[in-house]
>>> print(open('start39.txt').read())   # compact mmCIF, C-alpha atoms
# COMPACT_ATOMS: atom_id res chain seq x y z
CA MET H 1 94.38 105.91 71.89
CA ALA H 2 91.12 104.50 73.22
CA ILE H 3 92.67 101.21 74.31
CA THR H 4 95.25 103.04 76.42
CA ASP H 5 92.58 105.30 77.96
CA ASP H 6 90.40 102.32 78.83
CA PHE H 7 93.40 100.48 80.20
CA TYR H 8 94.42 103.35 82.47
CA SER H 9 90.88 103.83 83.72
CA LEU H 10 90.80 100.13 84.58
CA LEU H 11 94.08 100.34 86.49
CA SER H 12 93.14 103.54 88.28
CA THR H 13 89.87 102.06 89.56
CA THR H 14 91.17 98.67 90.69
CA ARG H 15 90.92 99.10 94.43
CA SER H 16 90.85 96.47 97.17
CA ILE H 17 87.31 95.10 97.50
CA ARG H 18 86.45 93.56 100.89
CA ARG H 19 82.63 93.78 100.84
CA ILE H 20 81.58 91.06 98.41
CA ARG H 21 78.16 89.68 97.35
CA ASP H 22 77.42 85.96 97.50
CA THR H 23 76.35 86.03 93.81
CA PRO H 24 78.04 83.02 92.15
CA ILE H 25 80.86 83.40 89.63
CA ASP H 26 80.39 81.21 86.58
CA GLN H 27 83.22 78.89 85.61
CA GLU H 28 84.04 80.57 82.28
CA THR H 29 84.45 83.97 83.96
CA LEU H 30 86.63 82.46 86.68
CA GLU H 31 88.80 80.75 84.08
CA ARG H 32 89.33 84.01 82.16
CA VAL H 33 90.57 85.63 85.35
CA CYS H 34 92.89 82.70 86.09
CA GLN H 35 94.15 82.72 82.49
CA ALA H 36 95.18 86.34 82.99
CA SER H 37 97.37 85.15 85.88
CA VAL H 38 98.98 82.52 83.68
CA TRP H 39 100.01 85.20 81.16
CA ALA H 40 102.24 86.90 83.77
CA PRO H 41 106.03 86.70 83.48
CA SER H 42 108.28 84.67 85.79
CA GLY H 43 112.01 84.04 86.10
CA GLY H 44 113.19 81.78 83.27
CA ASN H 45 109.47 81.43 82.35
CA ARG H 46 109.33 78.61 84.95
CA GLN H 47 105.86 79.68 86.23
CA PRO H 48 106.71 78.22 89.67
CA TRP H 49 103.21 78.65 91.12
CA ARG H 50 99.68 77.20 90.99
CA LEU H 51 96.27 78.66 91.74
CA ILE H 52 93.67 76.78 93.78
CA ALA H 53 90.21 78.36 93.42
CA VAL H 54 88.15 77.24 96.39
CA ARG H 55 84.38 77.08 95.87
CA ASP H 56 83.59 74.32 98.41
CA ARG H 57 81.92 75.75 101.51
CA ALA H 58 83.48 73.29 103.96
CA ILE H 59 86.97 74.19 102.75
CA LYS H 60 86.19 77.91 102.86
CA GLU H 61 85.06 77.49 106.48
CA LYS H 62 88.45 75.99 107.35
CA LEU H 63 90.20 78.90 105.62
CA SER H 64 87.97 81.32 107.51
CA ALA H 65 88.94 79.82 110.89
CA LEU H 66 92.63 80.31 110.14
CA TYR H 67 92.14 83.77 108.72
CA VAL H 68 89.98 85.01 111.61
CA ASP H 69 92.78 83.96 113.93
CA GLU H 70 95.56 85.70 111.97
CA TRP H 71 93.45 88.78 111.34
CA ALA H 72 92.80 89.18 115.08
CA LYS H 73 96.55 89.04 115.73
CA TYR H 74 97.14 91.66 113.04
CA VAL H 75 94.53 94.00 114.55
CA ASP H 76 96.03 93.54 118.01
CA TYR H 77 99.51 94.27 116.60
CA ASN H 78 98.25 97.51 115.11
CA ILE H 79 96.37 98.48 118.27
CA ALA H 80 99.48 97.79 120.37
CA LYS H 81 101.47 100.18 118.17
CA LEU H 82 99.12 103.01 119.30
CA GLY H 83 100.56 102.77 122.83
CA ASP H 84 98.70 104.82 125.43
CA GLN H 85 96.49 106.80 123.08
CA PRO H 86 93.03 107.78 124.42
CA ALA H 87 90.35 105.07 124.39
CA GLU H 88 88.39 106.95 121.69
CA VAL H 89 91.37 106.82 119.32
CA ILE H 90 91.87 103.11 119.92
CA GLN H 91 88.14 102.47 119.41
CA LYS H 92 88.22 104.43 116.14
CA VAL H 93 91.22 102.50 114.79
CA ARG H 94 89.61 99.21 115.80
CA ALA H 95 86.45 100.24 113.92
CA GLN H 96 88.55 100.91 110.78
CA PHE H 97 89.49 97.24 110.81
CA GLY H 98 85.79 96.28 110.94
CA THR H 99 85.41 95.56 107.22
CA GLY H 100 88.42 93.24 107.34
CA THR H 101 87.06 91.49 110.41
CA ALA H 102 83.71 90.93 108.68
CA LEU H 103 85.51 89.57 105.60
CA ALA H 104 87.47 87.08 107.73
CA GLU H 105 84.38 85.93 109.64
CA ASN H 106 82.24 85.57 106.50
CA LEU H 107 84.87 84.12 104.19
CA ALA H 108 82.74 81.02 103.57
CA ASP H 109 80.07 83.23 101.95
CA ILE H 110 82.53 84.58 99.34
CA PRO H 111 81.90 82.73 96.06
CA VAL H 112 85.57 81.98 95.31
CA VAL H 113 88.60 82.14 97.59
CA ALA H 114 91.74 81.91 95.45
CA LEU H 115 94.87 80.50 97.08
CA PHE H 116 98.21 80.98 95.32
CA VAL H 117 100.95 78.43 96.10
CA HIS H 118 104.55 78.22 94.88
CA ASP H 119 107.62 76.02 94.65
CA PRO H 120 110.43 77.75 96.57
CA SER H 121 113.04 75.49 94.94
CA ALA H 122 112.30 77.09 91.55
CA LEU H 123 113.02 80.64 92.75
CA TYR H 124 116.39 82.32 92.15
CA VAL H 125 116.55 84.62 95.20
CA THR H 126 119.23 87.21 94.40
CA ASP H 127 118.64 89.28 97.55
CA ALA H 128 119.15 86.44 100.04
CA GLY H 129 121.96 86.98 102.55
CA LEU H 130 121.74 90.79 102.58
CA GLY H 131 120.78 91.01 106.26
CA ARG H 132 117.07 91.59 105.67
CA HIS H 133 114.11 89.47 104.58
CA PRO H 134 114.52 88.75 100.85
CA VAL H 135 111.69 89.73 98.52
CA VAL H 136 112.98 88.77 95.07
CA GLY H 137 111.31 85.34 95.04
CA GLY H 138 108.09 87.34 94.75
CA ALA H 139 109.17 88.65 91.32
CA SER H 140 108.09 85.32 89.82
CA LEU H 141 104.84 85.17 91.81
CA TYR H 142 103.08 88.51 92.35
CA PRO H 143 102.90 89.66 88.72
CA ALA H 144 100.45 86.76 88.27
CA VAL H 145 98.54 87.83 91.37
CA GLN H 146 98.27 91.39 90.07
CA ASN H 147 97.06 90.15 86.66
CA PHE H 148 94.37 88.22 88.55
CA LEU H 149 93.18 91.37 90.36
CA LEU H 150 93.17 93.43 87.15
CA ALA H 151 91.28 90.77 85.21
CA ALA H 152 88.78 90.52 88.06
CA ARG H 153 88.21 94.28 87.72
CA ALA H 154 87.78 93.92 83.95
CA GLU H 155 85.06 91.31 84.61
CA GLY H 156 83.25 93.53 87.14
CA LEU H 157 84.52 91.38 89.99
CA GLY H 158 86.55 92.54 92.97
CA GLY H 159 88.95 91.11 95.49
CA VAL H 160 91.75 91.94 97.86
CA LEU H 161 95.31 90.64 97.99
CA THR H 162 95.84 89.17 101.47
CA THR H 163 98.89 87.42 102.90
CA LEU H 164 98.15 87.00 106.62
CA ILE H 165 97.14 83.37 106.15
CA CYS H 166 100.55 82.51 104.60
CA SER H 167 102.04 81.89 108.04
CA ARG H 168 99.67 78.91 108.44
CA GLU H 169 101.38 76.96 105.68
CA SER H 170 101.32 73.48 107.22
CA GLU H 171 97.61 73.67 108.08
CA LEU H 172 96.88 75.01 104.59
CA ARG H 173 98.80 72.07 103.13
CA ASP H 174 96.51 69.68 105.00
CA ILE H 175 93.41 71.52 103.77
CA LEU H 176 94.43 72.15 100.15
CA LYS H 177 96.67 69.08 99.59
CA PHE H 178 99.54 70.92 97.90
CA PRO H 179 102.96 69.18 98.01
CA ASP H 180 105.48 69.21 100.80
CA GLY H 181 107.99 71.98 100.28
CA TRP H 182 105.53 74.29 98.53
CA GLY H 183 104.52 77.59 100.15
CA VAL H 184 101.47 79.88 100.11
CA HIS H 185 101.98 83.44 98.91
CA ALA H 186 98.51 84.97 98.54
CA MET H 187 94.81 84.55 99.24
CA ILE H 188 92.28 86.56 97.26
CA PRO H 189 88.57 86.49 98.21
CA LEU H 190 86.80 87.09 94.87
CA GLY H 191 83.27 88.11 93.95
CA TYR H 192 80.93 90.86 92.78
CA PRO H 193 81.41 93.96 94.95
CA LYS H 194 78.74 95.37 97.26
CA GLY H 195 80.23 98.86 96.74
CA ASN H 196 81.77 100.49 93.70
CA HIS H 197 85.11 100.13 91.98
CA GLY H 198 87.70 102.96 92.24
CA PRO H 199 88.82 105.71 92.89
CA LEU H 200 92.16 105.04 94.58
CA GLN H 201 93.96 106.87 97.36
CA ARG H 202 97.64 106.87 96.45
CA ALA H 203 100.68 109.06 97.04
CA PRO H 204 101.32 111.70 94.32
CA LEU H 205 103.57 110.55 91.46
CA ASN H 206 106.34 113.04 92.26
CA THR H 207 106.73 111.49 95.72
CA MET H 208 107.12 108.00 94.22
CA MET H 209 109.25 108.53 91.11
CA SER H 210 112.51 110.35 90.49
CA ILE H 211 114.90 110.66 87.56
CA ASP H 212 118.50 109.31 87.58
CA THR H 213 118.98 109.19 91.37
CA TRP H 214 116.94 109.23 94.59
CA SER H 215 115.54 112.75 95.10
CA PHE H 216 112.87 112.43 97.78
CA MET X 1 82.61 93.75 76.22
CA ALA X 2 85.17 95.49 74.02
CA ILE X 3 87.14 96.86 76.98
CA THR X 4 87.57 93.36 78.38
CA ASP X 5 88.62 92.01 74.97
CA ASP X 6 91.16 94.79 74.52
CA PHE X 7 92.40 94.26 78.05
CA TYR X 8 92.92 90.54 77.55
CA SER X 9 94.70 91.05 74.24
CA LEU X 10 97.02 93.51 75.98
CA LEU X 11 97.82 91.01 78.78
CA SER X 12 98.25 88.10 76.41
CA THR X 13 100.79 89.98 74.29
CA THR X 14 102.89 91.47 77.10
CA ARG X 15 106.03 89.44 76.71
CA SER X 16 109.56 90.15 77.94
CA ILE X 17 111.29 92.51 75.52
CA ARG X 18 115.10 92.40 75.58
CA ARG X 19 115.89 93.86 72.14
CA ILE X 20 115.19 97.57 72.50
CA ARG X 21 115.69 100.58 70.19
CA ASP X 22 117.56 103.67 71.35
CA THR X 23 114.57 105.87 70.34
CA PRO X 24 113.98 108.27 73.25
CA ILE X 25 110.92 108.00 75.52
CA ASP X 26 109.28 111.37 76.15
CA GLN X 27 108.74 112.42 79.75
CA GLU X 28 104.91 112.41 79.59
CA THR X 29 104.86 108.83 78.31
CA LEU X 30 107.32 107.74 80.98
CA GLU X 31 105.24 109.40 83.69
CA ARG X 32 102.06 107.62 82.55
CA VAL X 33 103.86 104.29 82.86
CA CYS X 34 105.16 105.20 86.32
CA GLN X 35 101.71 106.42 87.38
CA ALA X 36 100.36 102.97 86.53
CA SER X 37 102.85 101.54 89.04
CA VAL X 38 101.65 103.96 91.71
CA TRP X 39 98.08 102.69 91.28
CA ALA X 40 99.07 99.19 92.43
CA PRO X 41 97.97 97.89 95.84
CA SER X 42 100.31 97.38 98.82
CA GLY X 43 99.92 96.14 102.38
CA GLY X 44 98.12 98.77 104.48
CA ASN X 45 98.38 101.04 101.39
CA ARG X 46 101.86 101.97 102.64
CA GLN X 47 103.39 102.00 99.13
CA PRO X 48 106.80 101.08 100.60
CA TRP X 49 108.76 101.52 97.37
CA ARG X 50 110.10 104.17 95.00
CA LEU X 51 110.99 104.12 91.31
CA ILE X 52 114.19 105.65 89.97
CA ALA X 53 114.06 106.08 86.19
CA VAL X 54 117.63 106.35 84.96
CA ARG X 55 118.17 108.32 81.74
CA ASP X 56 121.73 109.52 82.43
CA ARG X 57 124.24 107.63 80.32
CA ALA X 58 127.05 107.65 82.90
CA ILE X 59 124.74 106.09 85.50
CA LYS X 60 123.47 103.52 82.99
CA GLU X 61 127.10 102.56 82.25
CA LYS X 62 127.65 101.85 85.95
CA LEU X 63 124.49 99.73 86.05
CA SER X 64 125.66 97.90 82.93
CA ALA X 65 129.00 97.00 84.55
CA LEU X 66 127.24 95.43 87.55
CA TYR X 67 124.65 93.68 85.40
CA VAL X 68 127.21 92.23 82.93
CA ASP X 69 128.98 90.71 85.93
CA GLU X 70 125.84 89.17 87.48
CA TRP X 71 124.52 88.03 84.11
CA ALA X 72 127.79 86.17 83.41
CA LYS X 73 127.49 84.37 86.76
CA TYR X 74 123.88 83.44 85.94
CA VAL X 75 124.85 82.01 82.55
CA ASP X 76 127.70 80.04 84.15
CA TYR X 77 125.28 78.71 86.80
CA ASN X 78 122.93 77.48 84.08
CA ILE X 79 125.75 75.99 82.02
CA ALA X 80 127.12 74.20 85.10
CA LYS X 81 123.69 72.59 85.64
CA LEU X 82 124.06 70.89 82.24
CA GLY X 83 126.88 68.74 83.64
CA ASP X 84 128.73 66.66 81.06
CA GLN X 85 126.40 67.22 78.11
CA PRO X 86 128.01 67.28 74.64
CA ALA X 87 129.77 70.51 73.64
CA GLU X 88 127.11 71.20 70.97
CA VAL X 89 124.36 71.21 73.61
CA ILE X 90 126.33 73.53 75.87
CA GLN X 91 127.06 75.83 72.93
CA LYS X 92 123.36 75.91 72.00
CA VAL X 93 122.27 76.79 75.54
CA ARG X 94 124.93 79.49 75.73
CA ALA X 95 123.62 80.93 72.46
CA GLN X 96 120.10 81.08 73.95
CA PHE X 97 121.46 83.48 76.53
CA GLY X 98 122.89 85.71 73.79
CA THR X 99 120.05 88.23 73.76
CA GLY X 100 120.39 88.68 77.51
CA THR X 101 124.14 89.09 77.21
CA ALA X 102 123.70 91.77 74.55
CA LEU X 103 121.14 93.56 76.75
CA ALA X 104 123.56 93.60 79.69
CA GLU X 105 126.47 94.84 77.58
CA ASN X 106 124.43 97.54 75.84
CA LEU X 107 122.37 98.67 78.83
CA ALA X 108 123.64 102.24 78.49
CA ASP X 109 121.95 102.46 75.05
CA ILE X 110 118.49 101.66 76.51
CA PRO X 111 116.57 104.95 76.82
CA VAL X 112 115.32 104.35 80.38
CA VAL X 113 116.50 101.83 82.98
CA ALA X 114 113.96 101.73 85.82
CA LEU X 115 115.19 100.70 89.24
CA PHE X 116 112.65 99.79 91.92
CA VAL X 117 113.74 100.21 95.55
CA HIS X 118 111.87 99.45 98.78
CA ASP X 119 111.83 99.97 102.53
CA PRO X 120 112.09 96.52 104.17
CA SER X 121 110.97 97.92 107.54
CA ALA X 122 107.53 98.68 106.07
CA LEU X 123 106.91 95.08 104.99
CA TYR X 124 104.85 92.65 107.10
CA VAL X 125 106.51 89.35 106.15
CA THR X 126 104.07 86.64 107.22
CA ASP X 127 106.09 83.77 105.73
CA ALA X 128 109.34 84.51 107.59
CA GLY X 129 110.59 81.70 109.82
CA LEU X 130 109.08 78.87 107.76
CA GLY X 131 112.44 77.30 106.87
CA ARG X 132 112.61 78.69 103.33
CA HIS X 133 113.26 82.09 101.76
CA PRO X 134 110.23 84.29 102.43
CA VAL X 135 108.45 85.86 99.44
CA VAL X 136 105.52 87.74 101.01
CA GLY X 137 107.35 91.07 101.23
CA GLY X 138 107.04 91.05 97.45
CA ALA X 139 103.24 91.27 97.70
CA SER X 140 103.60 95.00 98.36
CA LEU X 141 106.20 95.50 95.61
CA TYR X 142 105.69 93.43 92.47
CA PRO X 143 102.08 94.39 91.71
CA ALA X 144 103.51 97.87 90.98
CA VAL X 145 106.24 96.33 88.82
CA GLN X 146 103.67 94.36 86.82
CA ASN X 147 101.51 97.47 86.34
CA PHE X 148 104.63 99.17 84.94
CA LEU X 149 105.18 96.37 82.41
CA LEU X 150 101.52 96.36 81.35
CA ALA X 151 101.40 100.15 80.97
CA ALA X 152 104.61 99.99 78.96
CA ARG X 153 102.87 97.53 76.63
CA ALA X 154 99.84 99.83 76.37
CA GLU X 155 102.17 102.65 75.27
CA GLY X 156 103.88 100.47 72.65
CA LEU X 157 106.98 100.17 74.83
CA GLY X 158 108.57 96.99 76.09
CA GLY X 159 110.79 95.84 78.90
CA VAL X 160 111.83 92.87 80.96
CA LEU X 161 111.63 92.32 84.70
CA THR X 162 115.15 91.52 85.91
CA THR X 163 116.39 90.88 89.45
CA LEU X 164 120.00 89.72 89.04
CA ILE X 165 121.37 93.14 89.94
CA CYS X 166 119.54 93.12 93.31
CA SER X 167 122.43 91.30 94.96
CA ARG X 168 124.63 94.37 94.34
CA GLU X 169 122.61 96.47 96.76
CA SER X 170 125.42 98.43 98.42
CA GLU X 171 127.02 99.42 95.10
CA LEU X 172 123.61 100.41 93.75
CA ARG X 173 123.08 102.56 96.86
CA ASP X 174 126.28 104.44 96.04
CA ILE X 175 125.20 104.92 92.43
CA LEU X 176 121.52 105.78 92.96
CA LYS X 177 121.78 107.46 96.40
CA PHE X 178 118.81 105.68 97.99
CA PRO X 179 118.80 105.52 101.82
CA ASP X 180 120.60 103.06 104.05
CA GLY X 181 118.35 100.16 104.90
CA TRP X 182 116.47 100.27 101.59
CA GLY X 183 116.74 97.38 99.12
CA VAL X 184 116.50 96.93 95.35
CA HIS X 185 113.83 94.56 94.04
CA ALA X 186 113.71 95.05 90.26
CA MET X 187 115.41 96.57 87.25
CA ILE X 188 113.46 97.07 84.02
CA PRO X 189 115.22 98.22 80.83
CA LEU X 190 112.48 100.14 78.95
CA GLY X 191 112.11 101.27 75.38
CA TYR X 192 110.52 100.74 71.99
CA PRO X 193 110.99 97.11 70.90
CA LYS X 194 113.06 96.04 67.92
CA GLY X 195 110.78 93.01 67.52
CA ASN X 196 107.05 92.59 68.03
CA HIS X 197 104.87 92.30 71.10
CA GLY X 198 103.26 88.94 71.98
CA PRO X 199 102.39 86.04 71.66
CA LEU X 200 103.35 84.30 74.90
CA GLN X 201 104.58 80.80 75.62
CA ARG X 202 102.88 79.67 78.81
CA ALA X 203 101.71 76.43 80.41
CA PRO X 204 98.08 75.46 79.65
CA LEU X 205 95.50 76.79 82.13
CA ASN X 206 94.49 73.32 83.35
CA THR X 207 98.06 72.66 84.47
CA MET X 208 98.14 75.91 86.50
CA MET X 209 94.66 76.12 88.08
CA SER X 210 92.55 73.65 90.04
CA ILE X 211 89.28 73.83 91.94
CA ASP X 212 89.00 73.36 95.73
CA THR X 213 92.21 71.38 96.26
CA TRP X 214 95.52 70.65 94.50
CA SER X 215 94.84 68.30 91.56
CA PHE X 216 97.98 68.38 89.42
>>> encode(input="start39.txt", output="structure tokens")
Amino acid sequence: MAITDDFYSLLSTTRSIRRIRDTPIDQETLERVCQASVWAPSGGNRQPWRLIAVRDRAIKEKLSALYVDEWAKYVDYNIAKLGDQPAEVIQKVRAQFGTGTALAENLADIPVVALFVHDPSALYVTDAGLGRHPVVGGASLYPAVQNFLLAARAEGLGGVLTTLICSRESELRDILKFPDGWGVHAMIPLGYPKGNHGPLQRAPLNTMMSIDTWSF
Amino acid sequence: MAITDDFYSLLSTTRSIRRIRDTPIDQETLERVCQASVWAPSGGNRQPWRLIAVRDRAIKEKLSALYVDEWAKYVDYNIAKLGDQPAEVIQKVRAQFGTGTALAENLADIPVVALFVHDPSALYVTDAGLGRHPVVGGASLYPAVQNFLLAARAEGLGGVLTTLICSRESELRDILKFPDGWGVHAMIPLGYPKGNHGPLQRAPLNTMMSIDTWSF
């Protein structure tokens, strides 16, 4: 089953890539990756999303400004959670965020920054009103995002699924010109990796999967 | 690039499979499909979800009862949207839902019914408070669900991503014994298809993807 073996080695080496070369991505390659997104399933096959692949440097600089801002808040939030740990610990955690900080600051150098937008009115959100943030709208959106990441890996490209910028919806609407009422659900910086693909660090299968009922 | 070609033919033939044989799925095959889910990315690599693969007939019967109920409401909702169309039109639309109705009623015959559950407290929901249902929590959940569907396809299995049952969270907690506070975000009936895999019906790429700004 060579196809299955190749497929599993592709999945098991698709890690988040944050250090990306400025080598351009040709249009045909980009379109194959986007086509993979389009093949994903969605509720009622409505495909209630669109993909905007930003190549223009001036637009990427605007995205970078927003993302730097949100990323800094996210780092601060994580640092605050450490409480009164020793300064060395805090410094070490801050350093772990360094690659993400560099990605945010240099976003304009990334060859393609893919923004995924969606039409909330086309989502059938079955877990609304349960006293927590609903997630089910994402069932029609993130399969396409995951197909994008996997196809990128198949093409030798890499990227990382980010969502911090989604809170800046109205400013993104001004920059990207998507319609009123639409939302942003993902941003993926895409390009040829500086490092290598895979391996992944994930929890063991028997801590993630059980048979018949919860058994963790 | 044979691997890429094989990969794209796998993605482009992964369609929703609702007509499923009762042929059993062996445990090793099932675990490979679940392992593919575990490889998916999540925010901060927290992997805030678990997969419960239901094989037990009595449990599947309970799931079926809930799903039949929610499916009927969904069909009624879609019929109601038709308004005062002629009876033939309404009858035709109702017939289109027939495969889904049969799936709901015969869910206990499906060899594996996979339930995906998640910990909402581990999600960083950046699109909360924007005056619409948030979706971003799904960014840490549905990539794993899509990997499951793709791995199923690679193994010659098929399934369909469903979310209607998610509204019945408290009853599902009683049945599946997952912790208080956790939610349900997907149910996938899984098995060997009665029909064939692929091809897909999807919107053309140029209606789904644009460069730099929205241009639809």
>>> closest_residue(input="start39.txt", among="X:Ala154, X:Trp71, X:Asn196, X:Leu123", to="Val135 (chain X)", atoms="only C-alpha atoms")
X:Leu123
>>> residues_near_point(input="start39.txt", point="(108.2, 94.4, 72.8)", cutoff="6 Å", atoms="only C-alpha atoms", output="ChimeraX atom specification")
/X:17,158,193,196-197
>>> interface_residues(input="start39.txt", of="chain H", to="chain X", cutoff="7 Å", atoms="all atoms listed in the file", output="ChimeraX atom specification")
/H:3-4,6-7,11-12,35-36,38-39,50-56,126-127,133-139,142-143,146,154,163-164,166-167,176-178,185,202,205,208-214
>>> atom_distance(input="start39.txt", atom1="CA of Ala108 (chain X)", atom2="CA of Ser64 (chain X)")
6.5 Å
>>> atom_distance(input="start39.txt", atom1="CA of Asp26 (chain H)", atom2="CA of Leu63 (chain H)")
21.5 Å
>>> closest_residue(input="start39.txt", among="X:Pro189, X:Gly83, X:Pro111, X:Gly159", to="Ile25 (chain X)", atoms="all atoms listed in the file")
X:Pro111
>>> atom_distance(input="start39.txt", atom1="CA of Tyr67 (chain X)", atom2="CA of Arg19 (chain X)")
15.9 Å
